[in-house]
Amino acid sequence: MSLDSIDIAPQESNETILRRAIIRLLARKPFFAHILQSMTHTYTEEIPTAGVFITLTTNLFINPKWFNVLTKEEQVAVLEHEVYHLMHRHISRCISGTYDKILYNIAADIAINQHIHSLPEGSLMPETFALPKDETTEFYYKKLKEFPLLKAKTVCTLDNHELWEKSKDFGNMIEARMKELIKDAF
């Protein structure tokens, strides 16, 4: 058998994989997909997973080596997760407060992940820390502060919240940008 006779499908581009995930989300939650479509998408291996932040634009960073091997359902769930961070104003709340950023990031993930189906294995949930469901980020933050810090800080979050620091110099613009995104989505 020669190599010429083997039918190898061309690899899909990162943009195609992301676009298809957004379309799958659009079918279920059009509001989320609209917000994702208005974002600037960047594919980079400089972050381990994915993340969002707001500067002059709303940005979605994705590590294609990580994202492209997720199941289709997991890809949709990760995108939904990123939009939830924006909708819940986690970026502006985290960078404007006096929070321990690592604990706040964990609390934010716990607060939103419980509302998303098909997240990748290991995603943080209230039960990860034996906490009740349906509470706020601030509730989870307060409870996490009671945990031994070493234990809580060694937990991995689904996405990269360090990107939120890029939003730091855009304070009020973050809120205005989010209001604009939400208004346009309706």
# chains A, B, ... in the order shown; residues from 1 in each chain; ligands from 1

call {"tool": "select_by_dssp", "arguments": {"residues": "range 9-109 of chain A", "states": "strand (DSSP E)", "output": "list in words"}}
result
Thr40, His41, Thr42, Tyr43, Ala50, Gly51, Val52, Phe53, Ile54, Thr58, Asn59, Leu60, Phe61 and Ile62 of chain A

call {"tool": "write_last_selection", "arguments": {"atoms": "N, CA and C atoms", "output": "CSV table (one decimal), in the first residue's frame"}}
result
chain,number,residue,atom,x,y,z
A,40,THR,N,-13.1,39.4,19.8
A,40,THR,CA,-11.9,39.1,19.1
A,40,THR,C,-11.3,37.8,19.5
A,41,HIS,N,-11.1,36.8,18.6
A,41,HIS,CA,-10.6,35.5,18.9
A,41,HIS,C,-9.1,35.4,18.7
A,42,THR,N,-8.4,34.9,19.6
A,42,THR,CA,-7.0,34.7,19.5
A,42,THR,C,-6.6,33.3,19.9
A,43,TYR,N,-5.8,32.7,19.0
A,43,TYR,CA,-5.4,31.3,19.3
A,43,TYR,C,-3.9,31.4,19.7
A,50,ALA,N,-8.2,28.4,28.1
A,50,ALA,CA,-8.9,29.5,27.5
A,50,ALA,C,-9.1,30.6,28.5
A,51,GLY,N,-9.6,31.8,28.0
A,51,GLY,CA,-9.8,32.9,28.9
A,51,GLY,C,-10.4,34.1,28.1
A,52,VAL,N,-11.0,35.0,28.9
A,52,VAL,CA,-11.6,36.2,28.3
A,52,VAL,C,-11.1,37.4,29.1
A,53,PHE,N,-11.0,38.5,28.4
A,53,PHE,CA,-10.7,39.8,29.1
A,53,PHE,C,-11.2,40.9,28.2
A,54,ILE,N,-11.3,42.1,28.8
A,54,ILE,CA,-11.8,43.3,28.1
A,54,ILE,C,-10.8,44.4,28.1
A,58,THR,N,-13.5,43.1,23.4
A,58,THR,CA,-13.8,41.9,24.2
A,58,THR,C,-13.0,40.8,23.6
A,59,ASN,N,-12.2,40.1,24.4
A,59,ASN,CA,-11.2,39.2,23.8
A,59,ASN,C,-11.4,37.8,24.4
A,60,LEU,N,-11.4,36.8,23.5
A,60,LEU,CA,-11.4,35.4,23.8
A,60,LEU,C,-10.1,34.8,23.4
A,61,PHE,N,-9.3,34.3,24.3
A,61,PHE,CA,-8.1,33.6,24.0
A,61,PHE,C,-8.3,32.1,24.1
A,62,ILE,N,-7.8,31.3,23.2
A,62,ILE,CA,-8.0,29.8,23.2
A,62,ILE,C,-6.7,29.2,22.9

call {"tool": "closest_atom_pairs", "arguments": {"of": "range 58-85 of chain A", "to": "range 17-33 of chain A", "cutoff": "7 Å", "atoms": "only C-alpha atoms", "output": "JSON lines"}}
result
{"residue": "A:Asn68", "atom": "CA", "partner": "A:Ile17", "partner_atom": "CA", "distance": 6.9}
{"residue": "A:Lys72", "atom": "CA", "partner": "A:Ala21", "partner_atom": "CA", "distance": 6.8}
{"residue": "A:Gln75", "atom": "CA", "partner": "A:Ala21", "partner_atom": "CA", "distance": 6.1}
{"residue": "A:Val76", "atom": "CA", "partner": "A:Ala21", "partner_atom": "CA", "distance": 5.4}
{"residue": "A:Glu80", "atom": "CA", "partner": "A:Phe32", "partner_atom": "CA", "distance": 6.7}
{"residue": "A:Val83", "atom": "CA", "partner": "A:Phe32", "partner_atom": "CA", "distance": 6.4}

call {"tool": "write_last_selection", "arguments": {"atoms": "N, CA, C and O atoms", "output": "tab-separated table (two decimals), in the first residue's frame"}}
result
chain	number	residue	atom	x	y	z
A	68	ASN	N	-9.12	22.06	20.81
A	68	ASN	CA	-9.45	21.25	19.64
A	68	ASN	C	-9.59	19.76	19.95
A	68	ASN	O	-10.18	19.03	19.16
A	72	LYS	N	-17.12	17.89	21.28
A	72	LYS	CA	-17.93	19.01	20.80
A	72	LYS	C	-18.76	19.62	21.93
A	72	LYS	O	-18.90	20.84	22.02
A	75	GLN	N	-16.48	21.69	24.18
A	75	GLN	CA	-16.14	22.97	23.54
A	75	GLN	C	-17.25	23.98	23.76
A	75	GLN	O	-17.00	25.13	24.13
A	76	VAL	N	-18.49	23.56	23.55
A	76	VAL	CA	-19.63	24.45	23.75
A	76	VAL	C	-19.69	24.88	25.21
A	76	VAL	O	-19.90	26.06	25.52
A	80	GLU	N	-19.53	28.68	26.78
A	80	GLU	CA	-20.59	29.16	27.68
A	80	GLU	C	-19.97	29.65	28.99
A	80	GLU	O	-20.35	30.70	29.52
A	83	VAL	N	-18.49	33.13	28.56
A	83	VAL	CA	-19.53	34.17	28.49
A	83	VAL	C	-20.12	34.42	29.88
A	83	VAL	O	-20.37	35.57	30.24

call {"tool": "closest_residue", "arguments": {"among": "A:Ile110, A:Ile116, A:Leu70, A:Ile102", "to": "Thr137 in chain A", "atoms": "only C-alpha atoms"}}
result
A:Ile110

call {"tool": "select_by_dssp", "arguments": {"residues": "range 9-165 of chain A", "states": "helix (DSSP H, G or I)", "output": "VMD selection string"}}
result
chain A and resid 14 to 28 30 to 37 64 to 67 72 to 87 90 to 96 101 to 113 126 to 129 137 to 145 149 to 153 161 to 165

call {"tool": "closest_residue", "arguments": {"among": "A:Ser167, A:Glu46, A:Leu79, A:Ala107", "to": "Leu119 in chain A", "atoms": "only C-alpha atoms"}}
result
A:Leu79

call {"tool": "atom_distance", "arguments": {"atom1": "CA of Ile106 in chain A", "atom2": "CA of Thr157 in chain A"}}
result
6.3 Å
